[in-house]
Amino acid sequence: METTKLVLYNTLSRQKEEFVPMHAPSVGMYVCGPTVYGDPHLGHARPAVTFDILFRYLKHLGYKVRYVRNITDVGHLENDADEGEDKIAKKARLEELEPMEVAHYYTERYHDAMRALGVLTPSIEPHASGHIIEQIEFVKKIWDAGFAYESNGSIYFDVEKYNEKYHYGKLSGRNLDDIVTNTRSLDGQDDKKHSYDFALWKKASKEHIMRWPSPWSDGFPGWHMECSAMSTKYLGEQFDIHGGGMDLMFPHHECEIAQSTAALGHDSAKYWVHNNMITINGKKMGKSLGNFITLEQLFKGEHELLTKPFSPMTIRFFVLQAQYRSTLDFSSSALEAAEKGLDRLMKGVDALKKIKPSKSSSIKVEELDAACHNAMNDDLNTPVVISIIFDWIHTINQLVDSQQTITEEDLALLKNTLNVWIFDILGLRNEKQSSSADKLSPVVDMMLEIRQKAKAEKNWALSDEIRNRLTSLGIRVKDRKDGADWEIE
RNA sequence: GGUCUGAUGGCCGAGUGGCUAGGCACAGCUCUGCAAAAGCUGCUACAGCAGUUCGAAUCUGCUUCAGACCUCCA
């Protein structure tokens, strides 16, 4: 079985392209991170897990990856009509906290949730507030290139002028004419020449707390500037992958391309990778609709739509069971299905220990790795990877049952391959194997030995009492032909 | 209104021309003192209509429906 090459869907070309790094073995990847003004919700898990998988897989393929994911703690305007009030500042004032206090709190919340989901920490996690100077410098470059104008202390990007030389809309497939006729006119845009122009630097109003000095005014950077400035700073003028949610495609990523192209004279990212949304009742889960469920609510089961709590690994597995470019519809029953599937998968992995090697193998273990690679190489098709693993869980069960045979060598290969794919690449954890279970283990084994003696003496009363009391302690006794096994519920 | 995407079995979700996706649920069976658990087996769907083809879930056209973006959003 031959192994293919990694292919990624590039939004720029609207097709799958072979991934060829610009400077192999190094790979640069930039992904838009969260705006830290609210608790992380299920929607945040999608890009985090998707690009975590890409990060892990690229490393598995032998690349040296620098993965940059930003923290937006400044910038995003509430809306253009909002006198330049910044989201962070608005929330801060409501709660009478320092803006940085709010940003820090939610950054920590985000980190905690990501850690629980098994999302590896990026190589660099730059904060927008820590890169104001870089952003001012970037605005200057655009200014010097002639694609910006000043109006009332704010600097705007001149989309029309840019579009004369380049194509504004190349990523989202729009043309300026369409944008002109189809952009709603909003109030409070008097400063701009055209409604489709966007702010590079925004003058702060009197009451605006988050502000920095600049050559133009005391203010703050426009809401697309941080990604251009920070990706350039840490990954260079040109880098391999730029990721983010599909909802950021326009205007955010379109504006980023315009900014970088205006300032540098060329595009910055080679592959634009966008994950699709998680939906709920067929509609996008997001802040604007208010139909989101926070990760903490999921972990604790505290939401009217949840029948029970779901572990972080169940959430991760749920996300991985769909290809990243498809919408994924949330429901409590879908999560329950994911939970049981994951449980079955982990039990299969545990069952590896019970296999007794033979002199020959009736199966071809090397096919597992090749099949997984082929699925993964096809634009990160994790659901197919998982289905292949399930096929092998079936095989493991047959091996345990002696319906198939495997040599000691092949068994070691099988264990190793499954470990790589399940734990290293998919990033799953076996949550039932905790350290407390290890300490508990000899104690439970002792109880089961006593019960086994009782059973041998047909002392069903004692044997059932031991079983019932263990069950009430959350330990499920599983009788087998030779003795008994157990697991924590 | 513009741009784009999608419609797969009870549910979630792969699959781009012919061969079983997978998981969950469900049914039967095996194991078992009983139960539980586990395993095994079964379950053949592609929105509608027309066309291309020896053959279409997969290609083309039309229709219907849904969603995303066009405003902060992962």
# chains A, B, ... in the order shown; residues from 1 in each chain; ligands from 1
call {"tool": "interface_residues", "arguments": {"of": "chain A", "to": "chain B", "cutoff": "6 Å", "atoms": "only C-alpha atoms (C1' of nucleotides)", "output": "JSON, numbers by chain"}}
result
{"A": [43, 44, 47, 78, 245, 334, 337, 341, 387, 478]}
call {"tool": "residues_around", "arguments": {"residues": "Arg69 (chain A)", "least_positions_apart": "5", "cutoff": "6 Å", "atoms": "only C-alpha atoms (C1' of nucleotides)", "output": "PyMOL selection string"}}
result
chain A and resi 30-33+125
call {"tool": "atom_distance", "arguments": {"atom1": "CA of Ile450 (chain A)", "atom2": "CA of Arg469 (chain A)"}}
result
13.5 Å
call {"tool": "residues_around", "arguments": {"residues": "Trp212 (chain A)", "least_positions_apart": "2", "cutoff": "10 Å", "atoms": "only C-alpha atoms (C1' of nucleotides)", "output": "PyMOL selection string"}}
result
chain A and resi 129+132-133+203-204+209-210+214+217-221
call {"tool": "write_last_selection", "arguments": {"atoms": "all heavy atoms", "output": "mmCIF file, in the first residue's frame"}}
result
data_model
loop_
_atom_site.group_PDB
_atom_site.id
_atom_site.type_symbol
_atom_site.label_atom_id
_atom_site.label_comp_id
_atom_site.auth_asym_id
_atom_site.auth_seq_id
_atom_site.Cartn_x
_atom_site.Cartn_y
_atom_site.Cartn_z
ATOM 1 N N SER A 129 -1.638 43.384 22.252
ATOM 2 C CA SER A 129 -1.287 44.554 23.063
ATOM 3 C C SER A 129 0.223 44.678 23.241
ATOM 4 O O SER A 129 0.715 45.762 23.537
ATOM 5 C CB SER A 129 -1.954 44.459 24.441
ATOM 6 O OG SER A 129 -1.475 43.320 25.132
ATOM 7 N N ILE A 132 2.116 46.740 19.717
ATOM 8 C CA ILE A 132 1.586 47.997 19.189
ATOM 9 C C ILE A 132 2.623 48.672 18.289
ATOM 10 O O ILE A 132 2.293 49.199 17.224
ATOM 11 C CB ILE A 132 1.194 48.936 20.357
ATOM 12 C CG1 ILE A 132 0.134 48.272 21.246
ATOM 13 C CG2 ILE A 132 0.707 50.266 19.800
ATOM 14 C CD1 ILE A 132 -1.174 47.968 20.567
ATOM 15 N N ILE A 133 3.867 48.620 18.709
ATOM 16 C CA ILE A 133 4.928 49.275 17.918
ATOM 17 C C ILE A 133 5.034 48.629 16.541
ATOM 18 O O ILE A 133 5.084 49.314 15.522
ATOM 19 C CB ILE A 133 6.281 49.193 18.668
ATOM 20 C CG1 ILE A 133 6.223 50.096 19.904
ATOM 21 C CG2 ILE A 133 7.435 49.586 17.748
ATOM 22 C CD1 ILE A 133 7.388 49.918 20.855
ATOM 23 N N LYS A 203 -8.323 56.579 16.016
ATOM 24 C CA LYS A 203 -8.169 57.561 17.091
ATOM 25 C C LYS A 203 -9.138 57.216 18.227
ATOM 26 O O LYS A 203 -10.314 56.912 17.974
ATOM 27 C CB LYS A 203 -8.484 58.955 16.550
ATOM 28 C CG LYS A 203 -8.308 60.065 17.566
ATOM 29 C CD LYS A 203 -8.728 61.390 16.929
ATOM 30 C CE LYS A 203 -8.649 62.524 17.929
ATOM 31 N NZ LYS A 203 -9.093 63.779 17.277
ATOM 32 N N ALA A 204 -8.643 57.274 19.461
ATOM 33 C CA ALA A 204 -9.496 56.907 20.591
ATOM 34 C C ALA A 204 -10.314 58.100 21.057
ATOM 35 O O ALA A 204 -9.820 59.227 21.097
ATOM 36 C CB ALA A 204 -8.637 56.398 21.741
ATOM 37 N N ILE A 209 -10.437 53.673 27.102
ATOM 38 C CA ILE A 209 -9.347 53.440 28.063
ATOM 39 C C ILE A 209 -8.099 52.876 27.401
ATOM 40 O O ILE A 209 -6.997 53.238 27.743
ATOM 41 C CB ILE A 209 -9.764 52.436 29.169
ATOM 42 C CG1 ILE A 209 -11.239 52.633 29.534
ATOM 43 C CG2 ILE A 209 -8.911 52.648 30.402
ATOM 44 C CD1 ILE A 209 -11.777 51.556 30.434
ATOM 45 N N MET A 210 -8.287 51.911 26.514
ATOM 46 C CA MET A 210 -7.124 51.275 25.890
ATOM 47 C C MET A 210 -6.614 52.144 24.756
ATOM 48 O O MET A 210 -7.241 52.234 23.700
ATOM 49 C CB MET A 210 -7.516 49.906 25.346
ATOM 50 C CG MET A 210 -7.570 48.840 26.407
ATOM 51 S SD MET A 210 -7.752 47.231 25.623
ATOM 52 C CE MET A 210 -6.425 46.335 26.407
ATOM 53 N N SER A 214 0.722 57.398 18.948
ATOM 54 C CA SER A 214 1.187 57.070 17.611
ATOM 55 C C SER A 214 1.468 58.382 16.882
ATOM 56 O O SER A 214 1.111 59.453 17.385
ATOM 57 C CB SER A 214 0.112 56.281 16.868
ATOM 58 O OG SER A 214 -0.878 57.153 16.376
ATOM 59 N N SER A 217 -2.334 59.878 16.284
ATOM 60 C CA SER A 217 -3.245 60.211 17.381
ATOM 61 C C SER A 217 -3.034 59.213 18.509
ATOM 62 O O SER A 217 -2.396 58.175 18.321
ATOM 63 C CB SER A 217 -4.706 60.124 16.901
ATOM 64 O OG SER A 217 -4.971 58.790 16.474
ATOM 65 N N ASP A 218 -3.578 59.556 19.673
ATOM 66 C CA ASP A 218 -3.664 58.547 20.721
ATOM 67 C C ASP A 218 -4.800 57.629 20.319
ATOM 68 O O ASP A 218 -5.930 58.094 20.142
ATOM 69 C CB ASP A 218 -3.970 59.204 22.078
ATOM 70 C CG ASP A 218 -2.710 59.619 22.787
ATOM 71 O OD1 ASP A 218 -1.658 59.695 22.108
ATOM 72 O OD2 ASP A 218 -2.762 59.854 24.011
ATOM 73 N N GLY A 219 -4.511 56.345 20.206
ATOM 74 C CA GLY A 219 -5.562 55.453 19.722
ATOM 75 C C GLY A 219 -5.147 54.000 19.804
ATOM 76 O O GLY A 219 -4.407 53.613 20.702
ATOM 77 N N PHE A 220 -5.651 53.244 18.844
ATOM 78 C CA PHE A 220 -5.384 51.803 18.878
ATOM 79 C C PHE A 220 -5.413 51.264 17.451
ATOM 80 O O PHE A 220 -6.041 51.863 16.570
ATOM 81 C CB PHE A 220 -6.409 51.080 19.754
ATOM 82 C CG PHE A 220 -7.823 51.459 19.441
ATOM 83 C CD1 PHE A 220 -8.566 50.708 18.531
ATOM 84 C CD2 PHE A 220 -8.415 52.560 20.040
ATOM 85 C CE1 PHE A 220 -9.870 51.065 18.237
ATOM 86 C CE2 PHE A 220 -9.722 52.920 19.738
ATOM 87 C CZ PHE A 220 -10.449 52.167 18.833
ATOM 88 N N PRO A 221 -4.773 50.109 17.228
ATOM 89 C CA PRO A 221 -4.683 49.594 15.870
ATOM 90 C C PRO A 221 -6.024 49.077 15.362
ATOM 91 O O PRO A 221 -6.877 48.663 16.146
ATOM 92 C CB PRO A 221 -3.669 48.454 15.972
ATOM 93 C CG PRO A 221 -3.576 48.120 17.411
ATOM 94 C CD PRO A 221 -3.990 49.311 18.190
#
call {"tool": "decode", "arguments": {"residues": "region 317-340 of chain A", "atoms": "N, CA and C atoms", "output": "compact mmCIF listing (two decimals), in the first residue's frame"}}
result
# COMPACT_ATOMS: atom_id res chain seq x y z
N PHE A 317 -12.84 14.11 20.47
CA PHE A 317 -13.18 13.00 19.58
C PHE A 317 -14.37 13.37 18.69
N PHE A 318 -15.32 14.04 19.28
CA PHE A 318 -16.50 14.52 18.54
C PHE A 318 -16.07 15.42 17.38
N VAL A 319 -15.16 16.32 17.66
CA VAL A 319 -14.66 17.24 16.62
C VAL A 319 -13.91 16.46 15.54
N LEU A 320 -13.14 15.48 15.96
CA LEU A 320 -12.31 14.73 15.00
C LEU A 320 -13.13 13.78 14.14
N GLN A 321 -14.34 13.47 14.55
CA GLN A 321 -15.18 12.55 13.78
C GLN A 321 -15.80 13.21 12.57
N ALA A 322 -15.54 14.50 12.41
CA ALA A 322 -15.98 15.18 11.19
C ALA A 322 -14.75 15.79 10.51
N GLN A 323 -14.77 15.84 9.19
CA GLN A 323 -13.68 16.48 8.48
C GLN A 323 -13.77 17.98 8.75
N TYR A 324 -12.63 18.65 8.85
CA TYR A 324 -12.65 20.03 9.36
C TYR A 324 -13.37 21.02 8.46
N ARG A 325 -13.55 20.70 7.17
CA ARG A 325 -14.23 21.64 6.29
C ARG A 325 -15.74 21.41 6.22
N SER A 326 -16.24 20.43 6.95
CA SER A 326 -17.68 20.21 7.02
C SER A 326 -18.23 20.89 8.26
N THR A 327 -19.49 21.30 8.17
CA THR A 327 -20.12 21.75 9.40
C THR A 327 -20.32 20.52 10.28
N LEU A 328 -20.35 20.75 11.55
CA LEU A 328 -20.53 19.66 12.51
C LEU A 328 -21.69 20.04 13.39
N ASP A 329 -22.74 19.21 13.37
CA ASP A 329 -23.94 19.58 14.11
C ASP A 329 -23.91 19.03 15.53
N PHE A 330 -24.01 19.95 16.47
CA PHE A 330 -23.97 19.57 17.87
C PHE A 330 -25.34 19.09 18.36
N SER A 331 -25.32 18.07 19.19
CA SER A 331 -26.49 17.72 19.98
C SER A 331 -25.99 16.83 21.11
N SER A 332 -26.76 16.76 22.15
CA SER A 332 -26.33 15.96 23.28
C SER A 332 -26.21 14.49 22.87
N SER A 333 -27.11 14.05 22.00
CA SER A 333 -27.07 12.64 21.59
C SER A 333 -25.86 12.37 20.70
N ALA A 334 -25.47 13.36 19.89
CA ALA A 334 -24.27 13.18 19.07
C ALA A 334 -23.04 13.05 19.97
N LEU A 335 -23.02 13.81 21.06
CA LEU A 335 -21.90 13.71 21.99
C LEU A 335 -21.92 12.38 22.73
N GLU A 336 -23.11 11.90 23.05
CA GLU A 336 -23.20 10.60 23.72
C GLU A 336 -22.66 9.50 22.82
N ALA A 337 -22.98 9.61 21.52
CA ALA A 337 -22.47 8.63 20.56
C ALA A 337 -20.95 8.69 20.49
N ALA A 338 -20.41 9.90 20.49
CA ALA A 338 -18.96 10.07 20.45
C ALA A 338 -18.33 9.49 21.71
N GLU A 339 -18.97 9.72 22.83
CA GLU A 339 -18.44 9.23 24.11
C GLU A 339 -18.34 7.70 24.11
N LYS A 340 -19.40 7.05 23.63
CA LYS A 340 -19.40 5.59 23.61
C LYS A 340 -18.41 5.05 22.59
